[in-house]
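To be precise, the following lines are data-v7.txt, and they hold compact mmCIF, N, CA and C atoms and all ligand atoms.
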```txt
# COMPACT_ATOMS: atom_id res chain seq x y z
N MET V 1 0.83 -1.20 0.00
CA MET V 1 0.00 0.00 0.00
C MET V 1 0.87 1.26 0.00
N ILE V 2 0.48 2.23 -0.82
CA ILE V 2 1.23 3.50 -0.87
C ILE V 2 0.30 4.64 -0.44
N PRO V 3 0.73 5.44 0.54
CA PRO V 3 -0.13 6.54 0.97
C PRO V 3 0.01 7.75 0.07
N CYS V 4 -1.08 8.46 -0.14
CA CYS V 4 -1.01 9.75 -0.83
C CYS V 4 -0.40 10.74 0.17
N PRO V 5 0.67 11.45 -0.21
CA PRO V 5 1.33 12.37 0.74
C PRO V 5 0.44 13.55 1.13
N TYR V 6 -0.61 13.81 0.38
CA TYR V 6 -1.45 14.97 0.67
C TYR V 6 -2.62 14.63 1.57
N CYS V 7 -3.35 13.55 1.23
CA CYS V 7 -4.56 13.28 2.00
C CYS V 7 -4.46 12.00 2.82
N ASP V 8 -3.35 11.24 2.63
CA ASP V 8 -3.11 10.06 3.44
C ASP V 8 -4.03 8.87 3.13
N ARG V 9 -4.73 8.93 2.03
CA ARG V 9 -5.45 7.73 1.60
C ARG V 9 -4.45 6.75 1.03
N HIS V 10 -4.73 5.44 1.15
CA HIS V 10 -3.77 4.43 0.69
C HIS V 10 -4.21 3.80 -0.62
N PHE V 11 -3.23 3.49 -1.46
CA PHE V 11 -3.51 2.90 -2.76
C PHE V 11 -2.63 1.69 -2.99
N LYS V 12 -3.15 0.78 -3.83
CA LYS V 12 -2.46 -0.50 -3.92
C LYS V 12 -1.18 -0.44 -4.76
N ASN V 13 -1.05 0.52 -5.66
CA ASN V 13 0.19 0.65 -6.41
C ASN V 13 0.39 2.09 -6.89
N LYS V 14 1.55 2.33 -7.51
CA LYS V 14 1.91 3.68 -7.94
C LYS V 14 0.94 4.23 -8.97
N GLN V 15 0.47 3.31 -9.82
CA GLN V 15 -0.44 3.75 -10.88
C GLN V 15 -1.75 4.27 -10.28
N ALA V 16 -2.26 3.54 -9.32
CA ALA V 16 -3.50 3.97 -8.65
C ALA V 16 -3.29 5.29 -7.93
N LEU V 17 -2.12 5.42 -7.33
CA LEU V 17 -1.80 6.67 -6.62
C LEU V 17 -1.77 7.85 -7.59
N ARG V 18 -1.10 7.63 -8.75
CA ARG V 18 -1.01 8.71 -9.74
C ARG V 18 -2.39 9.11 -10.24
N ALA V 19 -3.24 8.12 -10.49
CA ALA V 19 -4.61 8.40 -10.97
C ALA V 19 -5.35 9.21 -9.92
N HIS V 20 -5.19 8.82 -8.66
CA HIS V 20 -5.85 9.55 -7.58
C HIS V 20 -5.36 10.98 -7.49
N GLN V 21 -4.04 11.18 -7.64
CA GLN V 21 -3.47 12.51 -7.40
C GLN V 21 -3.93 13.57 -8.40
N LYS V 22 -4.40 13.11 -9.55
CA LYS V 22 -4.95 14.09 -10.49
C LYS V 22 -6.19 14.75 -9.92
N HIS V 23 -6.86 14.03 -9.01
CA HIS V 23 -8.12 14.56 -8.47
C HIS V 23 -8.08 14.73 -6.96
N CYS V 24 -6.93 14.47 -6.36
CA CYS V 24 -6.86 14.58 -4.90
C CYS V 24 -7.22 16.00 -4.47
N PRO V 25 -8.27 16.14 -3.66
CA PRO V 25 -8.71 17.50 -3.29
C PRO V 25 -7.65 18.26 -2.51
N LEU V 26 -6.92 17.55 -1.66
CA LEU V 26 -5.93 18.25 -0.83
C LEU V 26 -4.72 18.67 -1.66
N LYS V 27 -4.32 17.83 -2.61
CA LYS V 27 -3.19 18.18 -3.45
C LYS V 27 -3.53 19.40 -4.30
N ASN V 28 -4.71 19.38 -4.89
CA ASN V 28 -5.10 20.48 -5.76
C ASN V 28 -5.24 21.78 -4.98
N LYS V 29 -5.72 21.66 -3.78
CA LYS V 29 -5.86 22.82 -2.92
C LYS V 29 -4.48 23.44 -2.64
N LYS V 30 -3.53 22.56 -2.32
CA LYS V 30 -2.18 23.02 -1.98
C LYS V 30 -1.53 23.76 -3.14
N THR V 31 -1.66 23.19 -4.34
CA THR V 31 -0.98 23.82 -5.46
C THR V 31 -1.68 25.11 -5.88
N GLU V 32 -2.97 25.21 -5.61
CA GLU V 32 -3.69 26.42 -5.98
C GLU V 32 -3.20 27.65 -5.21
N LYS V 33 -3.23 27.55 -3.89
CA LYS V 33 -2.88 28.76 -3.15
C LYS V 33 -2.12 28.48 -1.86
N GLY V 34 -1.72 27.26 -1.64
CA GLY V 34 -0.94 26.94 -0.45
C GLY V 34 -1.79 26.81 0.78
N ASN V 35 -1.42 25.91 1.65
CA ASN V 35 -2.20 25.62 2.83
C ASN V 35 -2.19 26.75 3.85
N THR V 36 -1.12 27.52 3.86
CA THR V 36 -0.96 28.54 4.90
C THR V 36 -2.13 29.51 4.91
N ASN V 37 -2.59 29.90 3.73
CA ASN V 37 -3.74 30.81 3.65
C ASN V 37 -4.95 30.27 4.37
N ASP V 38 -5.22 28.99 4.17
CA ASP V 38 -6.39 28.39 4.82
C ASP V 38 -6.23 28.44 6.33
N PHE V 39 -5.03 28.13 6.80
CA PHE V 39 -4.79 28.13 8.24
C PHE V 39 -4.84 29.54 8.79
N GLU V 40 -4.39 30.50 8.02
CA GLU V 40 -4.47 31.89 8.49
C GLU V 40 -5.92 32.30 8.66
N ARG V 41 -6.77 31.85 7.77
CA ARG V 41 -8.20 32.16 7.90
C ARG V 41 -8.79 31.47 9.13
N LEU V 42 -8.39 30.22 9.33
CA LEU V 42 -8.85 29.50 10.52
C LEU V 42 -8.37 30.19 11.79
N LEU V 43 -7.15 30.71 11.73
CA LEU V 43 -6.59 31.39 12.90
C LEU V 43 -7.47 32.58 13.29
N LEU V 44 -7.95 33.31 12.31
CA LEU V 44 -8.83 34.45 12.61
C LEU V 44 -10.09 33.98 13.33
N ARG V 45 -10.65 32.87 12.85
CA ARG V 45 -11.86 32.36 13.49
C ARG V 45 -11.55 31.86 14.90
N TYR V 46 -10.36 31.25 15.05
CA TYR V 46 -9.95 30.75 16.35
C TYR V 46 -9.78 31.91 17.34
N MET V 47 -9.18 33.01 16.88
CA MET V 47 -8.98 34.18 17.73
C MET V 47 -10.31 34.79 18.14
N LEU V 48 -11.24 34.80 17.20
CA LEU V 48 -12.58 35.33 17.49
C LEU V 48 -13.26 34.46 18.54
N PHE V 49 -13.12 33.15 18.36
CA PHE V 49 -13.68 32.19 19.31
C PHE V 49 -13.10 32.43 20.70
N LEU V 50 -11.79 32.58 20.80
CA LEU V 50 -11.14 32.82 22.10
C LEU V 50 -11.60 34.15 22.69
N SER V 51 -11.68 35.17 21.85
CA SER V 51 -12.06 36.50 22.33
C SER V 51 -13.48 36.53 22.88
N ASN V 52 -14.36 35.71 22.30
CA ASN V 52 -15.75 35.73 22.72
C ASN V 52 -16.03 34.91 23.97
N LEU V 53 -15.05 34.12 24.39
CA LEU V 53 -15.26 33.28 25.58
C LEU V 53 -15.20 34.12 26.85
N ASP V 54 -16.02 33.76 27.83
CA ASP V 54 -15.96 34.45 29.12
C ASP V 54 -14.76 33.96 29.91
N TYR V 55 -14.48 32.70 29.70
CA TYR V 55 -13.44 32.07 30.49
C TYR V 55 -12.69 31.07 29.60
N ILE V 56 -11.36 31.08 29.65
CA ILE V 56 -10.59 30.16 28.81
C ILE V 56 -10.10 28.99 29.65
N PRO V 57 -10.58 27.80 29.36
CA PRO V 57 -10.18 26.62 30.15
C PRO V 57 -8.71 26.24 29.92
N GLU V 58 -8.20 25.39 30.76
CA GLU V 58 -6.82 24.92 30.68
C GLU V 58 -6.52 24.36 29.28
N ARG V 59 -7.45 23.56 28.78
CA ARG V 59 -7.29 23.09 27.40
C ARG V 59 -8.64 22.76 26.76
N PHE V 60 -8.64 22.78 25.44
CA PHE V 60 -9.85 22.47 24.69
C PHE V 60 -9.73 21.07 24.13
N THR V 61 -10.88 20.43 23.89
CA THR V 61 -10.83 19.18 23.15
C THR V 61 -10.84 19.51 21.67
N VAL V 62 -10.37 18.55 20.88
CA VAL V 62 -10.36 18.74 19.42
C VAL V 62 -11.78 19.00 18.92
N SER V 63 -12.78 18.30 19.49
CA SER V 63 -14.17 18.50 19.03
C SER V 63 -14.67 19.91 19.32
N GLU V 64 -14.30 20.44 20.47
CA GLU V 64 -14.74 21.80 20.80
C GLU V 64 -14.22 22.79 19.77
N ILE V 65 -12.95 22.64 19.43
CA ILE V 65 -12.36 23.56 18.45
C ILE V 65 -12.96 23.33 17.07
N ALA V 66 -13.17 22.06 16.72
CA ALA V 66 -13.77 21.74 15.42
C ALA V 66 -15.15 22.38 15.31
N ASN V 67 -15.94 22.34 16.38
CA ASN V 67 -17.26 22.98 16.38
C ASN V 67 -17.13 24.48 16.23
N ALA V 68 -16.22 25.05 17.00
CA ALA V 68 -16.07 26.50 17.00
C ALA V 68 -15.60 27.00 15.64
N LEU V 69 -14.71 26.26 15.01
CA LEU V 69 -14.15 26.71 13.73
C LEU V 69 -14.94 26.18 12.55
N ASN V 70 -15.91 25.32 12.85
CA ASN V 70 -16.73 24.75 11.80
C ASN V 70 -15.89 23.99 10.76
N CYS V 71 -14.99 23.13 11.27
CA CYS V 71 -14.19 22.31 10.35
C CYS V 71 -14.01 20.92 10.97
N SER V 72 -13.35 20.02 10.24
CA SER V 72 -13.21 18.65 10.72
C SER V 72 -12.13 18.56 11.80
N LYS V 73 -12.20 17.46 12.57
CA LYS V 73 -11.19 17.25 13.62
C LYS V 73 -9.80 17.10 13.03
N GLU V 74 -9.73 16.47 11.85
CA GLU V 74 -8.45 16.29 11.18
C GLU V 74 -7.85 17.66 10.84
N THR V 75 -8.68 18.57 10.37
CA THR V 75 -8.21 19.92 10.06
C THR V 75 -7.73 20.62 11.33
N VAL V 76 -8.46 20.42 12.43
CA VAL V 76 -8.04 21.04 13.70
C VAL V 76 -6.66 20.53 14.09
N ARG V 77 -6.44 19.22 13.94
CA ARG V 77 -5.13 18.67 14.32
C ARG V 77 -4.02 19.29 13.47
N ARG V 78 -4.26 19.40 12.17
CA ARG V 78 -3.23 19.99 11.30
C ARG V 78 -3.07 21.47 11.58
N PHE V 79 -4.19 22.13 11.84
CA PHE V 79 -4.16 23.56 12.15
C PHE V 79 -3.34 23.80 13.41
N MET V 80 -3.57 22.98 14.45
CA MET V 80 -2.87 23.16 15.71
C MET V 80 -1.37 22.94 15.57
N SER V 81 -0.99 21.95 14.78
CA SER V 81 0.46 21.73 14.66
C SER V 81 1.09 22.84 13.82
N TRP V 82 0.33 23.37 12.85
CA TRP V 82 0.81 24.53 12.09
C TRP V 82 0.95 25.73 13.03
N LEU V 83 -0.07 25.93 13.87
CA LEU V 83 -0.10 27.10 14.74
C LEU V 83 1.05 27.10 15.75
N MET V 84 1.28 25.92 16.36
CA MET V 84 2.32 25.82 17.39
C MET V 84 3.70 26.17 16.81
N SER V 85 3.91 25.88 15.53
CA SER V 85 5.24 26.14 14.97
C SER V 85 5.25 27.47 14.21
N SER V 86 4.14 28.18 14.26
CA SER V 86 4.09 29.45 13.53
C SER V 86 4.33 30.62 14.47
N GLU V 87 4.79 31.74 13.91
CA GLU V 87 5.05 32.93 14.74
C GLU V 87 3.75 33.52 15.28
N TYR V 88 2.61 33.17 14.63
CA TYR V 88 1.32 33.68 15.10
C TYR V 88 0.96 33.16 16.48
N TYR V 89 1.61 32.08 16.89
CA TYR V 89 1.29 31.47 18.17
C TYR V 89 1.47 32.49 19.31
N GLU V 90 2.41 33.42 19.14
CA GLU V 90 2.63 34.47 20.14
C GLU V 90 1.36 35.28 20.37
N ILE V 91 0.63 35.57 19.29
CA ILE V 91 -0.60 36.37 19.40
C ILE V 91 -1.64 35.58 20.20
N VAL V 92 -1.74 34.29 19.88
CA VAL V 92 -2.72 33.46 20.58
C VAL V 92 -2.40 33.41 22.07
N LYS V 93 -1.12 33.22 22.40
CA LYS V 93 -0.71 33.16 23.81
C LYS V 93 -1.04 34.48 24.52
N LEU V 94 -0.82 35.58 23.80
CA LEU V 94 -1.11 36.90 24.36
C LEU V 94 -2.60 37.05 24.67
N VAL V 95 -3.43 36.67 23.71
CA VAL V 95 -4.89 36.76 23.90
C VAL V 95 -5.30 35.93 25.11
N ILE V 96 -4.78 34.72 25.21
CA ILE V 96 -5.14 33.83 26.33
C ILE V 96 -4.69 34.45 27.66
N THR V 97 -3.46 34.97 27.69
CA THR V 97 -2.96 35.58 28.92
C THR V 97 -3.83 36.76 29.35
N VAL V 98 -4.15 37.62 28.39
CA VAL V 98 -4.97 38.79 28.70
C VAL V 98 -6.35 38.37 29.17
N LYS V 99 -6.97 37.41 28.47
CA LYS V 99 -8.30 36.96 28.85
C LYS V 99 -8.32 36.38 30.27
N ARG V 100 -7.26 35.66 30.62
CA ARG V 100 -7.23 35.02 31.95
C ARG V 100 -7.09 36.05 33.05
N LYS V 101 -6.48 37.20 32.74
CA LYS V 101 -6.27 38.22 33.76
C LYS V 101 -7.53 39.01 34.05
N THR V 102 -8.44 39.03 33.06
CA THR V 102 -9.62 39.90 33.23
C THR V 102 -10.81 39.13 33.79
ZN ZN N 201 -4.73 12.32 -1.97
```
Is it possible to express this structure as structure tokens?
Amino acid sequence: MIPCPYCDRHFKNKQALRAHQKHCPLKNKKTEKGNTNDFERLLLRYMLFLSNLDYIPERFTVSEIANALNCSKETVRRFMSWLMSSEYYEIVKLVITVKRKT
């Protein structure tokens, strides 16, 4: 079995993988405008979600964030790992710190 590097679906051989990649939604998305843009948009929604909360808990579950951002749990996982390694994470930490103080 060979995994598609974009969406992680598995295929029985290289030929099947190549046929799939012509239509792989994640691959086409990436080449169109890059994943970062999508995550940046999610980040705005995430910041809005944090800002609107009365109280920020120690941690969120993946489902809570998926509901708040209106996306799949898989997207939340990828978004979170992108966020943790991105410079934008400083802004998120700042918002959380400020919210906890008030
Ligand atoms: Zn794929």
So which residues touch Val92 in chain V within 8 Å, counting only N, CA and C atoms, skipping near sequence neighbours fewer than 5 positions away, as a short mmCIF file (atom, residue, chain, number, x, y, z; two decimals) with N, CA and C atoms, keeping the file's coordinate frame?
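File written: around-v9.cif
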```cif
data_model
loop_
_atom_site.label_atom_id
_atom_site.label_comp_id
_atom_site.auth_asym_id
_atom_site.auth_seq_id
_atom_site.Cartn_x
_atom_site.Cartn_y
_atom_site.Cartn_z
N TYR V 46 -10.36 31.25 15.05
CA TYR V 46 -9.95 30.75 16.35
C TYR V 46 -9.78 31.91 17.34
N MET V 47 -9.18 33.01 16.88
CA MET V 47 -8.98 34.18 17.73
C MET V 47 -10.31 34.79 18.14
N GLU V 87 4.79 31.74 13.91
CA GLU V 87 5.05 32.93 14.74
C GLU V 87 3.75 33.52 15.28
N THR V 97 -3.46 34.97 27.69
CA THR V 97 -2.96 35.58 28.92
C THR V 97 -3.83 36.76 29.35
N VAL V 98 -4.15 37.62 28.39
CA VAL V 98 -4.97 38.79 28.70
C VAL V 98 -6.35 38.37 29.17
#
```
Residues up to 6.5 Å from ligand ZN 201 (chain N), counting all atoms listed in the file: could you list those as a PDB file with N, CA and C atoms, in the coordinates of the input?
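The result, stored in out-v6.pdb:
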```
ATOM      1  N   CYS V   4      -1.080   8.460  -0.140  1.00  0.00           N
ATOM      2  CA  CYS V   4      -1.010   9.750  -0.830  1.00  0.00           C
ATOM      3  C   CYS V   4      -0.400  10.740   0.170  1.00  0.00           C
ATOM      4  N   PRO V   5       0.670  11.450  -0.210  1.00  0.00           N
ATOM      5  CA  PRO V   5       1.330  12.370   0.740  1.00  0.00           C
ATOM      6  C   PRO V   5       0.440  13.550   1.130  1.00  0.00           C
ATOM      7  N   TYR V   6      -0.610  13.810   0.380  1.00  0.00           N
ATOM      8  CA  TYR V   6      -1.450  14.970   0.670  1.00  0.00           C
ATOM      9  C   TYR V   6      -2.620  14.630   1.570  1.00  0.00           C
ATOM     10  N   CYS V   7      -3.350  13.550   1.230  1.00  0.00           N
ATOM     11  CA  CYS V   7      -4.560  13.280   2.000  1.00  0.00           C
ATOM     12  C   CYS V   7      -4.460  12.000   2.820  1.00  0.00           C
ATOM     13  N   ASP V   8      -3.350  11.240   2.630  1.00  0.00           N
ATOM     14  CA  ASP V   8      -3.110  10.060   3.440  1.00  0.00           C
ATOM     15  C   ASP V   8      -4.030   8.870   3.130  1.00  0.00           C
ATOM     16  N   ARG V   9      -4.730   8.930   2.030  1.00  0.00           N
ATOM     17  CA  ARG V   9      -5.450   7.730   1.600  1.00  0.00           C
ATOM     18  C   ARG V   9      -4.450   6.750   1.030  1.00  0.00           C
ATOM     19  N   HIS V  20      -5.190   8.820  -8.660  1.00  0.00           N
ATOM     20  CA  HIS V  20      -5.850   9.550  -7.580  1.00  0.00           C
ATOM     21  C   HIS V  20      -5.360  10.980  -7.490  1.00  0.00           C
ATOM     22  N   GLN V  21      -4.040  11.180  -7.640  1.00  0.00           N
ATOM     23  CA  GLN V  21      -3.470  12.510  -7.400  1.00  0.00           C
ATOM     24  C   GLN V  21      -3.930  13.570  -8.400  1.00  0.00           C
ATOM     25  N   HIS V  23      -6.860  14.030  -9.010  1.00  0.00           N
ATOM     26  CA  HIS V  23      -8.120  14.560  -8.470  1.00  0.00           C
ATOM     27  C   HIS V  23      -8.080  14.730  -6.960  1.00  0.00           C
ATOM     28  N   CYS V  24      -6.930  14.470  -6.360  1.00  0.00           N
ATOM     29  CA  CYS V  24      -6.860  14.580  -4.900  1.00  0.00           C
ATOM     30  C   CYS V  24      -7.220  16.000  -4.470  1.00  0.00           C
ATOM     31  N   PRO V  25      -8.270  16.140  -3.660  1.00  0.00           N
ATOM     32  CA  PRO V  25      -8.710  17.500  -3.290  1.00  0.00           C
ATOM     33  C   PRO V  25      -7.650  18.260  -2.510  1.00  0.00           C
ATOM     34  N   LEU V  26      -6.920  17.550  -1.660  1.00  0.00           N
ATOM     35  CA  LEU V  26      -5.930  18.250  -0.830  1.00  0.00           C
ATOM     36  C   LEU V  26      -4.720  18.670  -1.660  1.00  0.00           C
ATOM     37  N   LYS V  27      -4.320  17.830  -2.610  1.00  0.00           N
ATOM     38  CA  LYS V  27      -3.190  18.180  -3.450  1.00  0.00           C
ATOM     39  C   LYS V  27      -3.530  19.400  -4.300  1.00  0.00           C
TER      40      LYS V  27
END
```
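In this structure, atom N of Leu44 in chain V sits 22.4 Å away from atom C of Thr102 in chain V.
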Computed gap from atom C of Arg18 in chain V to atom C of Trp82 in chain V is 28.8 Å
Using the chain letters and numbers from this document, which residues of chain V does DSSP assign to strand (DSSP E), as a ChimeraX atom specification?
/V:2-3,10-11
Between CA of Tyr55 in chain V and CA of Arg100 in chain V, what is the distance, to one decimal in Å?
7.0 Å
Top pick for closest residue to Leu83 in chain V, considering V:Ala68, V:Leu53, V:Val95, V:Leu43 and counting all atoms listed in the file
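Closest candidate: V:Leu43.
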As an MDAnalysis selection string, which residues of chain V does DSSP assign to helix (DSSP H, G or I)?
chainID V and resid 14:21 25:33 35:52 62:69 73:84 89:101
Name all residues at most 7 Å from range 76-78 of chain V (count only C-alpha atoms; drop same-chain ones fewer than 2 positions away) and give them as a PyMOL selection string.
chain V and resi 62+65-66+72-74+80-82
Include N, CA and C atoms and write out the residues we just selected as an mmCIF file, in the frame of the given file.
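Heads up, here's the output in result35.cif:
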```
data_model
loop_
_atom_site.group_PDB
_atom_site.id
_atom_site.type_symbol
_atom_site.label_atom_id
_atom_site.label_comp_id
_atom_site.auth_asym_id
_atom_site.auth_seq_id
_atom_site.Cartn_x
_atom_site.Cartn_y
_atom_site.Cartn_z
ATOM 1 N N VAL V 62 -10.370 18.550 20.880
ATOM 2 C CA VAL V 62 -10.360 18.740 19.420
ATOM 3 C C VAL V 62 -11.780 19.000 18.920
ATOM 4 N N ILE V 65 -12.950 22.640 19.430
ATOM 5 C CA ILE V 65 -12.360 23.560 18.450
ATOM 6 C C ILE V 65 -12.960 23.330 17.070
ATOM 7 N N ALA V 66 -13.170 22.060 16.720
ATOM 8 C CA ALA V 66 -13.770 21.740 15.420
ATOM 9 C C ALA V 66 -15.150 22.380 15.310
ATOM 10 N N SER V 72 -13.350 20.020 10.240
ATOM 11 C CA SER V 72 -13.210 18.650 10.720
ATOM 12 C C SER V 72 -12.130 18.560 11.800
ATOM 13 N N LYS V 73 -12.200 17.460 12.570
ATOM 14 C CA LYS V 73 -11.190 17.250 13.620
ATOM 15 C C LYS V 73 -9.800 17.100 13.030
ATOM 16 N N GLU V 74 -9.730 16.470 11.850
ATOM 17 C CA GLU V 74 -8.450 16.290 11.180
ATOM 18 C C GLU V 74 -7.850 17.660 10.840
ATOM 19 N N MET V 80 -3.570 22.980 14.450
ATOM 20 C CA MET V 80 -2.870 23.160 15.710
ATOM 21 C C MET V 80 -1.370 22.940 15.570
ATOM 22 N N SER V 81 -0.990 21.950 14.780
ATOM 23 C CA SER V 81 0.460 21.730 14.660
ATOM 24 C C SER V 81 1.090 22.840 13.820
ATOM 25 N N TRP V 82 0.330 23.370 12.850
ATOM 26 C CA TRP V 82 0.810 24.530 12.090
ATOM 27 C C TRP V 82 0.950 25.730 13.030
#
```
Using the file's own x, y and z axes, so that the box edges lie along x, y and z, what centre and edge lengths in Å (one decimal) does a box around every listed atom of range 36-51 of chain V get when 3 Å is added on each side? Give it as lines of an AutoDock Vina configuration file.
```
center_x = -7.3
center_y = 32.0
center_z = 13.3
size_x = 18.7
size_y = 15.0
size_z = 25.2
```
